[in-house]
Structure formats: C-alpha cells, structure tokens
$ cat entry-v3.cif   # mmCIF, C-alpha atoms
data_input
loop_
_atom_site.label_atom_id
_atom_site.label_comp_id
_atom_site.auth_asym_id
_atom_site.auth_seq_id
_atom_site.Cartn_x
_atom_site.Cartn_y
_atom_site.Cartn_z
CA MET D 1 160.14 -124.80 27.21
CA THR D 2 156.57 -125.50 26.31
CA PRO D 3 154.63 -128.33 27.87
CA SER D 4 153.91 -129.58 24.40
CA ARG D 5 157.58 -130.46 23.90
CA ASP D 6 157.26 -133.96 25.33
CA LEU D 7 153.93 -134.53 23.68
CA THR D 8 154.98 -133.17 20.31
CA THR D 9 155.93 -136.57 19.13
CA PRO D 10 157.00 -136.86 15.54
CA THR D 11 154.43 -139.59 15.25
CA THR D 12 151.66 -137.21 14.21
CA VAL D 13 153.71 -136.03 11.28
CA ASP D 14 154.77 -139.61 10.57
CA ARG D 15 151.20 -140.81 10.64
CA LEU D 16 150.19 -137.95 8.41
CA ARG D 17 152.94 -138.74 5.93
CA SER D 18 152.03 -142.39 5.86
CA VAL D 19 148.56 -141.34 4.67
CA PHE D 20 149.71 -138.44 2.51
CA PRO D 21 153.16 -139.16 1.09
CA GLN D 22 153.09 -135.89 -0.86
CA ALA D 23 153.22 -133.88 2.39
CA SER D 24 156.77 -132.80 3.14
CA ALA D 25 157.80 -132.47 6.78
CA HIS D 26 160.03 -129.62 7.84
CA PRO D 27 161.98 -130.31 10.99
CA SER D 28 161.56 -127.76 13.69
CA ASP D 29 162.53 -127.82 17.33
CA ASP D 30 159.30 -126.03 18.18
CA VAL D 31 156.10 -126.75 16.30
CA PRO D 32 156.18 -129.39 13.56
CA ARG D 33 155.48 -128.06 10.11
CA VAL D 34 154.19 -129.82 7.02
CA VAL D 35 153.98 -128.38 3.53
CA VAL D 36 151.36 -129.90 1.28
CA PRO D 37 150.40 -129.24 -2.33
CA ARG D 38 147.35 -127.08 -2.80
CA ASP D 39 145.25 -129.96 -4.17
CA ALA D 40 145.86 -132.07 -1.06
CA VAL D 41 145.41 -129.41 1.61
CA ARG D 42 141.73 -130.06 2.10
CA ALA D 43 142.26 -133.81 2.55
CA VAL D 44 145.17 -133.24 4.93
CA LEU D 45 143.15 -130.84 7.05
CA GLU D 46 140.21 -133.26 7.08
CA TRP D 47 142.53 -135.99 8.29
CA LEU D 48 144.00 -133.75 10.99
CA HIS D 49 140.53 -132.72 12.09
CA GLY D 50 139.30 -136.31 12.29
CA PRO D 51 141.89 -139.02 13.04
CA GLY D 52 144.54 -136.46 13.96
CA GLY D 53 142.39 -135.05 16.77
CA PHE D 54 143.17 -131.41 16.05
CA ALA D 55 139.87 -129.97 17.19
CA PHE D 56 141.04 -126.38 17.47
CA LEU D 57 141.94 -124.11 14.57
CA ALA D 58 144.11 -121.38 16.06
CA ASP D 59 144.66 -119.29 12.95
CA VAL D 60 144.49 -119.11 9.19
CA THR D 61 146.79 -116.55 7.66
CA CYS D 62 148.79 -115.85 4.56
CA VAL D 63 152.18 -114.57 3.42
CA ASP D 64 152.84 -112.83 0.12
CA TYR D 65 156.20 -113.96 -1.27
CA LEU D 66 156.33 -111.49 -4.15
CA HIS D 67 159.96 -110.41 -4.71
CA TYR D 68 161.01 -112.67 -1.84
CA HIS D 69 164.50 -114.05 -2.29
CA GLY D 70 164.38 -117.58 -3.60
CA ALA D 71 160.60 -117.86 -3.54
CA THR D 72 158.96 -119.89 -6.28
CA ASP D 73 155.31 -119.39 -5.30
CA ARG D 74 153.34 -116.22 -4.70
CA PHE D 75 151.15 -116.82 -1.64
CA GLY D 76 151.86 -119.08 1.31
CA LEU D 77 148.81 -120.05 3.33
CA VAL D 78 149.33 -121.03 6.94
CA TYR D 79 146.99 -123.09 9.11
CA LEU D 80 147.81 -123.30 12.82
CA LEU D 81 146.14 -126.26 14.54
CA THR D 82 145.99 -127.37 18.14
CA ASN D 83 145.05 -130.70 19.63
CA LEU D 84 143.31 -129.74 22.85
CA GLU D 85 143.66 -133.22 24.40
CA THR D 86 147.36 -133.82 23.86
CA ASN D 87 148.35 -130.13 23.64
CA GLU D 88 150.04 -130.87 20.34
CA ARG D 89 150.39 -128.20 17.72
CA ILE D 90 151.01 -128.42 14.02
CA ILE D 91 151.48 -125.94 11.21
CA VAL D 92 150.14 -126.81 7.77
CA ARG D 93 151.33 -124.72 4.86
CA THR D 94 150.40 -124.64 1.22
CA PHE D 95 151.17 -122.38 -1.72
CA VAL D 96 148.82 -120.81 -4.24
CA ASN D 97 149.55 -118.66 -7.25
CA ASP D 98 148.13 -116.02 -9.53
CA PRO D 99 145.83 -115.69 -11.33
CA ALA D 100 142.81 -116.19 -9.07
CA PRO D 101 144.47 -117.96 -6.15
CA SER D 102 142.03 -120.19 -4.30
CA VAL D 103 141.86 -123.04 -1.81
CA PRO D 104 138.96 -125.11 -0.48
CA SER D 105 137.31 -123.66 2.60
CA VAL D 106 137.49 -125.48 5.93
CA VAL D 107 134.53 -123.73 7.56
CA ASP D 108 132.63 -127.02 7.69
CA LEU D 109 135.49 -128.56 9.70
CA TRP D 110 136.22 -125.67 12.05
CA GLU D 111 133.62 -122.97 12.54
CA ALA D 112 136.44 -120.63 13.57
CA ALA D 113 137.68 -120.59 9.99
CA ASN D 114 134.76 -118.43 8.92
CA TRP D 115 136.09 -114.99 9.84
CA LEU D 116 139.74 -116.04 9.48
CA GLU D 117 139.18 -117.00 5.86
CA ARG D 118 137.18 -113.84 5.30
CA GLU D 119 140.13 -111.84 6.62
CA VAL D 120 142.57 -113.59 4.29
CA TRP D 121 140.18 -112.96 1.39
CA ASP D 122 139.86 -109.34 2.44
CA LEU D 123 143.56 -108.57 2.72
CA PHE D 124 145.15 -111.00 0.23
CA GLY D 125 142.36 -111.79 -2.23
CA ILE D 126 142.55 -115.54 -1.90
CA ARG D 127 139.22 -117.19 -2.62
CA PHE D 128 138.04 -119.93 -0.31
CA GLU D 129 135.89 -122.25 -2.37
CA GLY D 130 132.78 -123.33 -0.54
CA HIS D 131 132.92 -120.56 2.06
CA PRO D 132 129.32 -119.79 3.11
CA ASP D 133 129.73 -115.99 3.32
CA LEU D 134 132.93 -114.72 1.72
CA ARG D 135 132.54 -110.98 2.35
CA ARG D 136 135.10 -108.46 3.51
CA VAL D 137 135.50 -108.40 7.26
CA VAL D 138 138.09 -105.72 8.04
CA LEU D 139 137.87 -103.19 5.24
CA PRO D 140 134.76 -101.31 4.09
CA PRO D 141 132.53 -103.26 1.71
CA ALA D 142 133.20 -100.82 -1.13
CA PHE D 143 136.95 -101.46 -1.02
CA GLU D 144 138.16 -103.14 -4.18
CA SER D 145 141.82 -104.00 -3.63
CA HIS D 146 143.55 -106.46 -1.35
CA PRO D 147 146.00 -104.23 0.49
CA LEU D 148 148.31 -106.73 2.17
CA ARG D 149 149.56 -107.87 -1.22
CA LYS D 150 153.11 -106.68 -1.76
CA ASP D 151 152.26 -105.00 -5.06
CA TYR D 152 149.68 -102.76 -3.38
CA PRO D 153 151.10 -99.30 -2.55
CA LEU D 154 151.31 -98.46 1.15
CA GLN D 155 149.36 -95.24 0.72
CA GLY D 156 146.65 -96.95 -1.27
CA LEU D 157 145.05 -96.13 -4.58
CA GLY D 158 143.11 -93.10 -3.36
CA GLU D 159 140.43 -95.03 -1.47
CA ARG D 160 141.02 -93.01 1.68
CA HIS D 161 140.13 -89.79 -0.15
CA ASN D 162 137.08 -91.23 -1.87
CA LEU D 163 134.50 -90.63 0.84
CA PRO D 164 131.45 -88.34 1.00
CA VAL D 165 132.02 -84.85 2.41
CA VAL D 166 129.84 -83.18 5.04
CA ARG D 167 129.90 -79.38 4.87
CA ARG D 168 128.84 -76.63 7.24
CA GLY D 169 125.13 -76.17 7.47
CA GLU D 170 124.24 -79.75 6.58
CA GLY D 171 122.27 -81.76 9.06
CA MET Y 1 119.49 -37.62 23.89
CA ALA Y 2 120.18 -39.92 26.74
CA ILE Y 3 117.78 -42.39 28.28
CA GLU Y 4 117.89 -42.84 32.00
CA LEU Y 5 118.34 -46.55 32.76
CA PRO Y 6 117.18 -48.07 35.99
CA LYS Y 7 119.97 -49.03 38.33
CA GLY Y 8 121.49 -52.51 37.66
CA THR Y 9 120.61 -52.56 33.97
CA LEU Y 10 123.14 -53.65 31.37
CA ILE Y 11 122.86 -53.05 27.66
CA THR Y 12 124.40 -55.48 25.19
CA GLN Y 13 123.79 -57.00 21.80
CA LEU Y 14 121.64 -60.11 21.77
CA ASP Y 15 124.24 -61.88 19.61
CA SER Y 16 126.91 -61.10 22.15
CA LEU Y 17 124.80 -62.31 25.05
CA VAL Y 18 123.83 -65.54 23.29
CA SER Y 19 127.43 -66.22 22.27
CA TRP Y 20 128.56 -65.58 25.83
CA CYS Y 21 126.07 -68.17 27.05
CA ARG Y 22 127.06 -70.68 24.40
CA LYS Y 23 130.80 -70.38 24.85
CA ASN Y 24 130.57 -70.94 28.58
CA SER Y 25 128.42 -74.04 28.39
CA LEU Y 26 130.03 -76.20 25.72
CA TRP Y 27 128.97 -79.82 26.00
CA PRO Y 28 131.67 -81.98 24.43
CA MET Y 29 131.05 -85.16 22.50
CA PRO Y 30 134.18 -87.28 23.05
CA PHE Y 31 134.98 -89.10 19.82
CA ALA Y 32 138.06 -90.77 21.22
CA THR Y 33 139.64 -93.47 19.08
CA ALA Y 34 143.23 -93.56 20.30
CA CYS Y 35 145.74 -92.34 22.86
CA CYS Y 36 144.50 -88.74 22.51
CA GLY Y 37 141.37 -90.01 24.20
CA ILE Y 38 143.38 -90.66 27.34
CA GLU Y 39 144.59 -87.06 27.36
CA LEU Y 40 141.02 -86.00 26.73
CA MET Y 41 139.95 -87.90 29.84
CA ALA Y 42 142.82 -86.33 31.77
CA THR Y 43 141.59 -82.91 30.65
CA GLY Y 44 138.20 -83.65 32.08
CA ALA Y 45 139.58 -85.08 35.30
CA SER Y 46 140.33 -83.21 38.49
CA THR Y 47 143.93 -82.08 37.87
CA HIS Y 48 143.24 -80.10 34.73
CA ASP Y 49 139.53 -79.66 35.39
CA LEU Y 50 137.75 -78.76 32.20
CA ALA Y 51 134.85 -77.63 34.40
CA ARG Y 52 136.67 -74.34 34.90
CA PHE Y 53 135.68 -73.50 31.33
CA GLY Y 54 132.12 -74.74 31.59
CA ALA Y 55 132.80 -77.70 29.35
CA GLU Y 56 132.93 -80.59 31.77
CA VAL Y 57 129.68 -82.28 30.80
CA PHE Y 58 130.88 -85.01 28.45
CA ARG Y 59 127.88 -86.65 26.87
CA PHE Y 60 127.96 -89.84 24.86
CA SER Y 61 124.81 -88.95 23.00
CA PRO Y 62 125.42 -86.55 20.12
CA ARG Y 63 121.90 -85.18 20.58
CA GLN Y 64 123.00 -83.54 23.81
CA CYS Y 65 126.32 -82.12 22.61
CA ASP Y 66 127.50 -79.09 20.73
CA LEU Y 67 131.26 -79.66 20.62
CA MET Y 68 132.76 -82.73 19.00
CA ILE Y 69 136.34 -83.50 20.05
CA VAL Y 70 137.83 -85.99 17.62
CA ALA Y 71 140.73 -87.49 19.55
CA GLY Y 72 142.67 -90.05 17.57
CA ARG Y 73 143.07 -91.48 14.13
CA VAL Y 74 140.01 -92.09 12.00
CA VAL Y 75 140.04 -94.87 9.44
CA MET Y 76 137.94 -95.15 6.29
CA LYS Y 77 135.47 -97.45 7.96
CA MET Y 78 135.04 -95.10 10.91
CA MET Y 79 134.47 -91.97 8.78
CA PRO Y 80 130.76 -92.70 8.05
CA VAL Y 81 130.23 -93.22 11.79
CA LEU Y 82 131.96 -89.93 12.57
CA GLN Y 83 129.86 -88.09 10.00
CA ARG Y 84 126.69 -89.65 11.32
CA VAL Y 85 127.53 -88.58 14.86
CA TRP Y 86 128.32 -85.10 13.58
CA LEU Y 87 125.04 -84.86 11.69
CA GLN Y 88 123.11 -85.99 14.75
CA MET Y 89 124.42 -83.06 16.78
CA HIS Y 90 122.22 -79.99 16.91
CA GLU Y 91 123.25 -76.59 15.62
CA PRO Y 92 125.10 -74.62 16.69
CA LYS Y 93 127.95 -77.09 16.89
CA TRP Y 94 131.71 -76.97 16.69
CA CYS Y 95 134.50 -79.46 16.12
CA ILE Y 96 138.01 -79.76 17.52
CA ALA Y 97 140.51 -82.03 15.73
CA MET Y 98 142.70 -83.15 18.62
CA GLY Y 99 146.19 -84.39 17.87
CA ALA Y 100 148.26 -85.03 14.78
CA CYS Y 101 146.21 -88.00 13.58
CA ALA Y 102 142.82 -86.33 13.60
CA SER Y 103 144.31 -83.20 12.02
CA THR Y 104 146.54 -84.73 9.34
CA GLY Y 105 146.66 -88.50 9.65
CA GLY Y 106 149.88 -88.20 11.62
CA VAL Y 107 152.39 -90.96 11.14
CA PHE Y 108 149.67 -93.24 9.78
CA ASP Y 109 150.16 -92.40 6.12
CA THR Y 110 148.58 -95.67 5.04
CA TYR Y 111 145.83 -96.79 2.74
CA SER Y 112 143.06 -96.98 5.30
CA VAL Y 113 143.67 -93.95 7.54
CA VAL Y 114 141.92 -90.69 6.67
CA GLN Y 115 144.54 -87.98 6.22
CA GLY Y 116 142.84 -85.38 8.37
CA ILE Y 117 139.17 -85.33 9.27
CA ASP Y 118 138.84 -81.81 7.84
CA ARG Y 119 138.69 -83.39 4.39
CA PHE Y 120 135.29 -84.77 5.25
CA ILE Y 121 133.77 -82.78 8.12
CA PRO Y 122 134.18 -79.13 9.16
CA VAL Y 123 136.79 -78.42 11.83
CA ASP Y 124 137.04 -75.23 13.88
CA VAL Y 125 140.20 -75.72 15.94
CA TYR Y 126 143.20 -77.98 15.37
CA VAL Y 127 145.36 -79.12 18.26
CA PRO Y 128 148.91 -80.23 17.38
CA GLY Y 129 150.72 -82.84 19.42
CA CYS Y 130 151.08 -86.58 19.65
CA PRO Y 131 149.18 -86.68 21.90
CA PRO Y 132 148.64 -83.06 22.96
CA ARG Y 133 148.96 -82.26 26.63
CA PRO Y 134 145.74 -81.38 28.47
CA GLU Y 135 146.91 -77.76 28.61
CA GLN Y 136 146.91 -77.68 24.81
CA LEU Y 137 143.36 -78.97 24.68
CA LEU Y 138 142.36 -76.38 27.27
CA GLN Y 139 143.97 -73.72 25.07
CA ALA Y 140 141.97 -75.05 22.11
CA ILE Y 141 138.77 -74.72 24.10
CA ILE Y 142 139.72 -71.18 25.13
CA ASP Y 143 140.45 -70.35 21.48
CA LEU Y 144 137.13 -71.82 20.46
CA GLN Y 145 135.38 -69.76 23.11
CA GLU Y 146 137.01 -66.64 21.70
CA LYS Y 147 135.92 -67.66 18.23
CA ILE Y 148 132.34 -68.21 19.35
CA GLN Y 149 132.27 -64.83 21.10
CA ARG Y 150 133.85 -63.09 18.12
CA GLU Y 151 131.67 -64.34 15.31
CA GLY Y 152 128.68 -66.04 16.94
CA THR Y 153 125.17 -64.92 16.05
CA THR Y 154 121.87 -65.79 17.62
CA TRP Y 155 120.56 -67.55 14.53
CA CYS Y 156 123.88 -69.12 13.56
CA ARG Y 157 124.28 -67.08 10.39
CA GLU Y 158 128.05 -67.45 10.65
CA PHE Y 159 127.87 -71.10 9.63
CA SER Y 160 126.26 -70.33 6.28
CA LEU Y 161 128.88 -67.77 5.25
CA PRO Y 162 130.63 -68.77 2.02
CA GLU Y 163 134.07 -69.03 3.60
CA ARG Y 164 132.73 -71.51 6.15
CA GLN Y 165 131.26 -73.63 3.37
CA LYS Y 166 134.47 -74.39 1.56
CA LEU Y 167 136.73 -77.13 2.73
CA PRO Y 168 139.98 -75.97 4.29
CA ARG Y 169 142.00 -78.49 2.35
CA ALA Y 170 141.84 -79.54 -1.25
CA LEU Y 171 140.59 -83.02 -1.93
CA ARG Y 172 143.28 -84.61 -3.97
CA GLU Y 173 143.38 -87.93 -5.68
CA GLU Y 174 146.70 -89.35 -4.60
CA VAL Y 175 148.01 -92.40 -6.39
#
$ encode --input "entry-v3.cif" --output "structure tokens"
Amino acid sequence: MTPSRDLTTPTTVDRLRSVFPQASAHPSDDVPRVVVPRDAVRAVLEWLHGPGGFAFLADVTCVDYLHYHGATDRFGLVYLLTNLETNERIIVRTFVNDPAPSVPSVVDLWEAANWLEREVWDLFGIRFEGHPDLRRVVLPPAFESHPLRKDYPLQGLGERHNLPVVRRGEG
Amino acid sequence: MAIELPKGTLITQLDSLVSWCRKNSLWPMPFATACCGIELMATGASTHDLARFGAEVFRFSPRQCDLMIVAGRVVMKMMPVLQRVWLQMHEPKWCIAMGACASTGGVFDTYSVVQGIDRFIPVDVYVPGCPPRPEQLLQAIIDLQEKIQREGTTWCREFSLPERQKLPRALREEV
C-alpha cells in the first residue's frame, strides 16, 4: 500500500486526456499509465511538466519488442514521472520504429533527462532530437553498436577483443 | 686452490641475492573490481596475514608497487585504466590474475567483459576460484616468490626473453 494510492486520482489522466484525446489510458491498480503516439509525446510531457505539476523525472528507459509475442512496434520508450507535491506518479509510454528511431529530447524540461537519454541512446540507439550532448555514457566512446537491442549477440561482435595489447618489457 | 674466507662470510650469486630480496618484499597494487577484492582484503587482514610473506604493504599508487593483483572482472572501459596502472609500475613487476573473472572472464561471457586480462597485459600467476579463498592467494604469492627466485636476474633480463614476450593466449576475433 503506497501513500500515493489515495492521491493517485484518475483525474490527472482524465485531465491529460481532455487535452490530448489521442493518449490512451491503461488502467492499473498501481501507477497510472498512458500511451501516446510518438508525435505527441513531447507535448504530453510538456503538459505534465507544466500544468500537471510533475516536477521530477524518475527515469527514462526503453524496451526492445523485437520477436515479442503480439508486438507491433519495435521500441517502447518509458518515462517515469513523479509529482513531488501530491506524491502522484505516472508512466508515459510511446513507441518508435526502425529505421532511425528518434524522439524529441526533454532535457530542457527536466535536467535529469540528460544522462538518462544518453544511456538510452548508448544501449538502444534511439536518437533524442535536440539533446545538447548525445554521447555514449556507459560504453567506451569507440563502441559502435547498441548492445541492448535484441538482435545484438550476447557475446558481442568482437569489441571486447579489439583492444591494444601491452607486452612484457613495455613501459 | 681454496681461498680462506673470514668467519661469517657467505658466498652467493648476485642474481640470487637480489631475487631473494625482491621476493620477500613484494608491494602489491590492489586492482580490486569485484568480490575477489574482499578476499584480497581478507588476505591482508590479521587472520591470514599476508605480512608473513613480506607482502603486506598494499599501496594505491602504482609508482610504489611491484605486484599487481587484479581481483575481479575487467570490462572494456576499464582495460585502458588497468594498462595505464600497469605501465606506471616500475620494473621489475609482476601480475597475479586473481579469480575466474580476471583469468578468463568467468561467467561473464558478455559483450563488454574482457575474457581474461592476459589477452592484454602479461600475467605471471593465475588463481582459480570464484572468489578464491585467501589461502589460494597466499599460495599464488608463494608460487610467485618461487618463480622470482628461480628465474630472477639483477637487471631483469628474464622479462625480455622471447617466451615472455608472446601472449599466453591467442587473440581471436569471435563473432
């Protein structure tokens, strides 16, 4: 039983849907979830940041639905938001597809999105348009693949063997 | 023809004397990245007491060390750091790969984990185990001491021998 239960009124989702009718609400007995089309995600997040009062971005992450049973889209992006005043939470999801999956960045709304979006770019290869510094954050800069994609082999493409060698007598 | 030596005089080879000094004053550089590091600390602590072998002075500056103990898995991004630390250590220097991960990658057969540090830096002694017990690390240090005594030379000629130059394991491109 979370304290947010009483405060997690459906009104936030209802208010959101009155502004954005294309957002579909998914009932959940825990955290309310809305799925929005990729072209509306930026506007929805702007609304949640402003009138919605969700000042805290808890996480940005991604799911690869390749070969997933019944999936119609490739990548599912997940934004976890928290309203620090009412203790409300909300999950915003959107789907992007190959080739060149991309979404607008939200770094200008939440500073916390900076490294989170860099991580999603690093591991899934999703571009965040308008990100101020979209470099790799977890893997070495020379890495070329996006290894959390389901079509990337677990043991890699030989990157782990492609490093300089130090022999005896050097240094 | 025999030469009369003054009482209390000992004759030895200089190489042997120098190696004896070196093997009994190893200064380890703890490169601990995982749970093996905890066993490494236990080895240095009072119960197992690495000081009995003259190797208790763990230094966190590679400039002051001559034995690197790599304890734990090393990922691609850590490998340049490991090599830099290794290159900063002064000759003569030795390396122990402690545990399954440092020696072979262990269970972490994934895209980012180096499959054995010996692919990229020289290793003298491997310690199996996940993690190895402190006794095993002590045995590795004893083995290394024997190795230093056996082949050590004053001017470190043993490191430039051809068989020490080649890598113990083939670098393979695995796809």
$ interface_residues --input "entry-v3.cif" --of "chain Y" --to "chain D" --cutoff "10 Å" --atoms "only C-alpha atoms" --output "count of residues only"
50
$ atom_distance --input "entry-v3.cif" --atom1 "atom CA of Glu144 of chain D" --atom2 "atom CA of Glu111 of chain D"
26.3 Å
$ resolve_selection --input "entry-v3.cif" --expression "the PyMOL selection byres ((chain Y and resi 102) around 7)" --output "VMD selection string"
chain Y and resid 70 to 74 97 to 101 103 to 105 116 to 117
$ resolve_selection --input "entry-v3.cif" --expression "the PyMOL selection byres ((chain D and resi 93-96) around 12)" --output "VMD selection string"
chain D and resid 22 to 26 32 to 42 44 to 45 59 to 66 71 to 81 90 to 92 97 to 104 124 to 128
$ write_last_selection --input "entry-v3.cif" --atoms "C-alpha atoms" --output "JSON list (two decimals), keeping the file's coordinate frame"
[["chain", "number", "residue", "atom", "x", "y", "z"],
["D", 22, "GLN", "CA", 153.09, -135.89, -0.86],
["D", 23, "ALA", "CA", 153.22, -133.88, 2.39],
["D", 24, "SER", "CA", 156.77, -132.80, 3.14],
["D", 25, "ALA", "CA", 157.80, -132.47, 6.78],
["D", 26, "HIS", "CA", 160.03, -129.62, 7.84],
["D", 32, "PRO", "CA", 156.18, -129.39, 13.56],
["D", 33, "ARG", "CA", 155.48, -128.06, 10.11],
["D", 34, "VAL", "CA", 154.19, -129.82, 7.02],
["D", 35, "VAL", "CA", 153.98, -128.38, 3.53],
["D", 36, "VAL", "CA", 151.36, -129.90, 1.28],
["D", 37, "PRO", "CA", 150.40, -129.24, -2.33],
["D", 38, "ARG", "CA", 147.35, -127.08, -2.80],
["D", 39, "ASP", "CA", 145.25, -129.96, -4.17],
["D", 40, "ALA", "CA", 145.86, -132.07, -1.06],
["D", 41, "VAL", "CA", 145.41, -129.41, 1.61],
["D", 42, "ARG", "CA", 141.73, -130.06, 2.10],
["D", 44, "VAL", "CA", 145.17, -133.24, 4.93],
["D", 45, "LEU", "CA", 143.15, -130.84, 7.05],
["D", 59, "ASP", "CA", 144.66, -119.29, 12.95],
["D", 60, "VAL", "CA", 144.49, -119.11, 9.19],
["D", 61, "THR", "CA", 146.79, -116.55, 7.66],
["D", 62, "CYS", "CA", 148.79, -115.85, 4.56],
["D", 63, "VAL", "CA", 152.18, -114.57, 3.42],
["D", 64, "ASP", "CA", 152.84, -112.83, 0.12],
["D", 65, "TYR", "CA", 156.20, -113.96, -1.27],
["D", 66, "LEU", "CA", 156.33, -111.49, -4.15],
["D", 71, "ALA", "CA", 160.60, -117.86, -3.54],
["D", 72, "THR", "CA", 158.96, -119.89, -6.28],
["D", 73, "ASP", "CA", 155.31, -119.39, -5.30],
["D", 74, "ARG", "CA", 153.34, -116.22, -4.70],
["D", 75, "PHE", "CA", 151.15, -116.82, -1.64],
["D", 76, "GLY", "CA", 151.86, -119.08, 1.31],
["D", 77, "LEU", "CA", 148.81, -120.05, 3.33],
["D", 78, "VAL", "CA", 149.33, -121.03, 6.94],
["D", 79, "TYR", "CA", 146.99, -123.09, 9.11],
["D", 80, "LEU", "CA", 147.81, -123.30, 12.82],
["D", 81, "LEU", "CA", 146.14, -126.26, 14.54],
["D", 90, "ILE", "CA", 151.01, -128.42, 14.02],
["D", 91, "ILE", "CA", 151.48, -125.94, 11.21],
["D", 92, "VAL", "CA", 150.14, -126.81, 7.77],
["D", 97, "ASN", "CA", 149.55, -118.66, -7.25],
["D", 98, "ASP", "CA", 148.13, -116.02, -9.53],
["D", 99, "PRO", "CA", 145.83, -115.69, -11.33],
["D", 100, "ALA", "CA", 142.81, -116.19, -9.07],
["D", 101, "PRO", "CA", 144.47, -117.96, -6.15],
["D", 102, "SER", "CA", 142.03, -120.19, -4.30],
["D", 103, "VAL", "CA", 141.86, -123.04, -1.81],
["D", 104, "PRO", "CA", 138.96, -125.11, -0.48],
["D", 124, "PHE", "CA", 145.15, -111.00, 0.23],
["D", 125, "GLY", "CA", 142.36, -111.79, -2.23],
["D", 126, "ILE", "CA", 142.55, -115.54, -1.90],
["D", 127, "ARG", "CA", 139.22, -117.19, -2.62],
["D", 128, "PHE", "CA", 138.04, -119.93, -0.31]]
$ axis_aligned_box --input "entry-v3.cif" --around "segment 87-95 of chain Y" --padding-each-side "8 Å" --output "AutoDock Vina command-line options"
--center_x 128.4 --center_y -80.3 --center_z 14.3 --size_x 28.3 --size_y 27.4 --size_z 21.2
$ resolve_selection --input "entry-v3.cif" --expression "the PyMOL selection byres ((chain D and resi 135) around 10)" --output "ChimeraX atom specification"
/D:115,117-119,121-122,131-134,136-139,141
$ residues_around --input "entry-v3.cif" --residues "Gly130 of chain D" --least-positions-apart "6" --cutoff "9 Å" --atoms "all atoms listed in the file" --output "list in words"
Pro104, Ser105, Val106 and Val107 of chain D
$ write_last_selection --input "entry-v3.cif" --atoms "C-alpha atoms" --output "mmCIF file, keeping the file's coordinate frame"
data_model
loop_
_atom_site.group_PDB
_atom_site.id
_atom_site.type_symbol
_atom_site.label_atom_id
_atom_site.label_comp_id
_atom_site.auth_asym_id
_atom_site.auth_seq_id
_atom_site.Cartn_x
_atom_site.Cartn_y
_atom_site.Cartn_z
ATOM 1 C CA PRO D 104 138.960 -125.110 -0.480
ATOM 2 C CA SER D 105 137.310 -123.660 2.600
ATOM 3 C CA VAL D 106 137.490 -125.480 5.930
ATOM 4 C CA VAL D 107 134.530 -123.730 7.560
#
$ residues_around --input "entry-v3.cif" --residues "Met41 of chain Y" --least-positions-apart "2" --cutoff "12 Å" --atoms "all atoms listed in the file" --output "PyMOL selection string"
chain Y and resi 28-32+34-39+43-50+56-58+69+71+133-134+137
$ closest_residue --input "entry-v3.cif" --among "D:Val13, D:Val120, D:Val31, D:Ala112" --to "Leu57 of chain D" --atoms "only C-alpha atoms"
D:Ala112
$ residues_around --input "entry-v3.cif" --residues "Leu14 of chain Y" --least-positions-apart "6" --cutoff "12 Å" --atoms "all atoms listed in the file" --output "JSON list (two decimals) with C-alpha atoms, in the frame of the given file"
[["chain", "number", "residue", "atom", "x", "y", "z"],
["Y", 20, "TRP", "CA", 128.56, -65.58, 25.83],
["Y", 21, "CYS", "CA", 126.07, -68.17, 27.05],
["Y", 149, "GLN", "CA", 132.27, -64.83, 21.10],
["Y", 152, "GLY", "CA", 128.68, -66.04, 16.94],
["Y", 153, "THR", "CA", 125.17, -64.92, 16.05],
["Y", 154, "THR", "CA", 121.87, -65.79, 17.62],
["Y", 155, "TRP", "CA", 120.56, -67.55, 14.53]]
$ atom_distance --input "entry-v3.cif" --atom1 "atom CA of Asn87 of chain D" --atom2 "atom CA of Phe54 of chain D"
9.3 Å
$ atom_distance --input "entry-v3.cif" --atom1 "atom CA of Asp66 of chain Y" --atom2 "atom CA of Ser19 of chain Y"
13.0 Å
$ closest_residue --input "entry-v3.cif" --among "Y:Leu40, Y:Ala51, Y:Ile11, Y:Val81" --to "Leu26 of chain Y" --atoms "all atoms listed in the file"
Y:Ala51
$ closest_residue --input "entry-v3.cif" --among "Y:Leu67, Y:Leu144, Y:Asn24, Y:Pro131" --to "Gly54 of chain Y" --atoms "all atoms listed in the file"
Y:Asn24
